[in-house]
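A.B. asks: Mind looking over this structure? Questions follow.
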Amino acid sequence: GGITRCYFSPRGSFLVTWEPLGRIMRLERPTEKAPENGYPPGASPSPSASSSAAPASKASGAPAFTKVENLAVWAIARRPRDGPAEFLAEVTKDGKQKLGVNVDHLDGRSGLLLRRVDAGLVESFNHEVHASGDCGRLILPGDLILAVNDVGVSGGAQAMAQEIQQALHLRLRIRRGPSWAFAYAASRFFAPHISPLRWPPVVWSSDEAHAFRAVTDEVQVLEGRTLRLLRRLQIDSISQMSLSPGSPSCSSVGALAGFCPANASACPAM
């Protein structure tokens with residue numbers, strides 16, 4: 001695979017990516033059991049750290065054929081430049097997800113450097129602050145954890161990492177780094193083939209209040225921010241659509257045009 005096409009929404013709030021399908025693969029969607037000893041740990045140390053992560057627990061579940069959702073819409077949350085230099089973030093473990101961060105102990109006395117944010121509780125925290133509009137508290141790679149509950153840099157990076165693994169509720173004091181944006185998959189679709197006429201597959205109004213997606217014999221009207229399906233417009237044999245930019249006074253009002261090729265020699269195209 002690999003991404004071969006991508007584009008941004010009008011205001012840059014979303015990035016759409018498409019990967020061609022090589023073949024349908026047999027995928028497993030297992031149900032995970034939370035480990036009894038707290039592992040996988042909340043913060044998995046990087047290779048440079050002195051402690052190592054325990055192996056992930058084995059998953060159970062029968063394999064099944066699934067459709068590969070190769071068309072992804074990524075929501076982009078931007079952290080404002082004028083946000084606070086330090087902020088607090090509180091996360092409570094639920095016994096199902098790991099914390100989802102990879103940290104570096106640095107010199108052991110400067111805190112824990114966030115190297116990567118993966119799927120987990122921190123990513124869920126970022127979703128929540130993005131939805132609430134409090135993007136100044138996004139937790140991003142390059143940020144530095146200065147304290148975990150009552151354990152600060154004076155206690156050492158190893159003690160902070162142990163507190164992350166052992167405590168149920170985490171109160172993190174974080175110093176922001178140079179990163180400015182966080183992206184997560186807002187929605188995924190199964191799109192095995194996209195012809196040039198069907199590109200782009202998802203279009204937004206100029207104010208991103210609504211989005212539109214053309215599929216077989218219909219256009220789906222989506223809520224612009226969440227991509228929740230609002231209604232379906234039945235348009236037989238539609239192969240291409242285009243959205244007008246709207247008027248300057250009311251950008252949400254525009255016109256949707258669709259092209260339907262003739263399906264018989266005596267039938268005109270629309």
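For the structure tokens, the naming scheme is as follows: chains receive sequential letters (A, B, ...) according to their order of presentation, residues are indexed from 1 within each chain, and ligands are indexed from 1 in presentation order.
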Write out as a list in words each polymer residue whose atoms come within 10 Å of Asp107 of chain A, counting only C-alpha atoms; drop sequence neighbours fewer than 4 positions from it.
C.D. replies: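 Within the cut-off, the hits are Ala49, Gly111, Leu112, Gly156 and Ala157 of chain A.
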A.B. asks: Check the smallest atom-to-atom distance from each of A:Gly177, A:Pro80, A:Gly108, A:Pro201 to Gly152 of chain A using only C-alpha atoms, then report the winner.
C.D. replies: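 Among the listed residues, A:Gly108 lies closest to Gly152 of chain A.
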A.B. asks: Give the answer as one residue: which of A:Ile164, A:Val129, A:Val153, A:Ile3 has the shortest atom-to-atom distance to Thr92 of chain A, using only C-alpha atoms?
C.D. replies: A:Ile164
A.B. asks: Could you please write out, as number ranges by chain, every residue of segment 67-113 of chain A that DSSP assigns to strand (DSSP E)?
C.D. replies: A: 71-78, 86-92, 101-104, 112-113
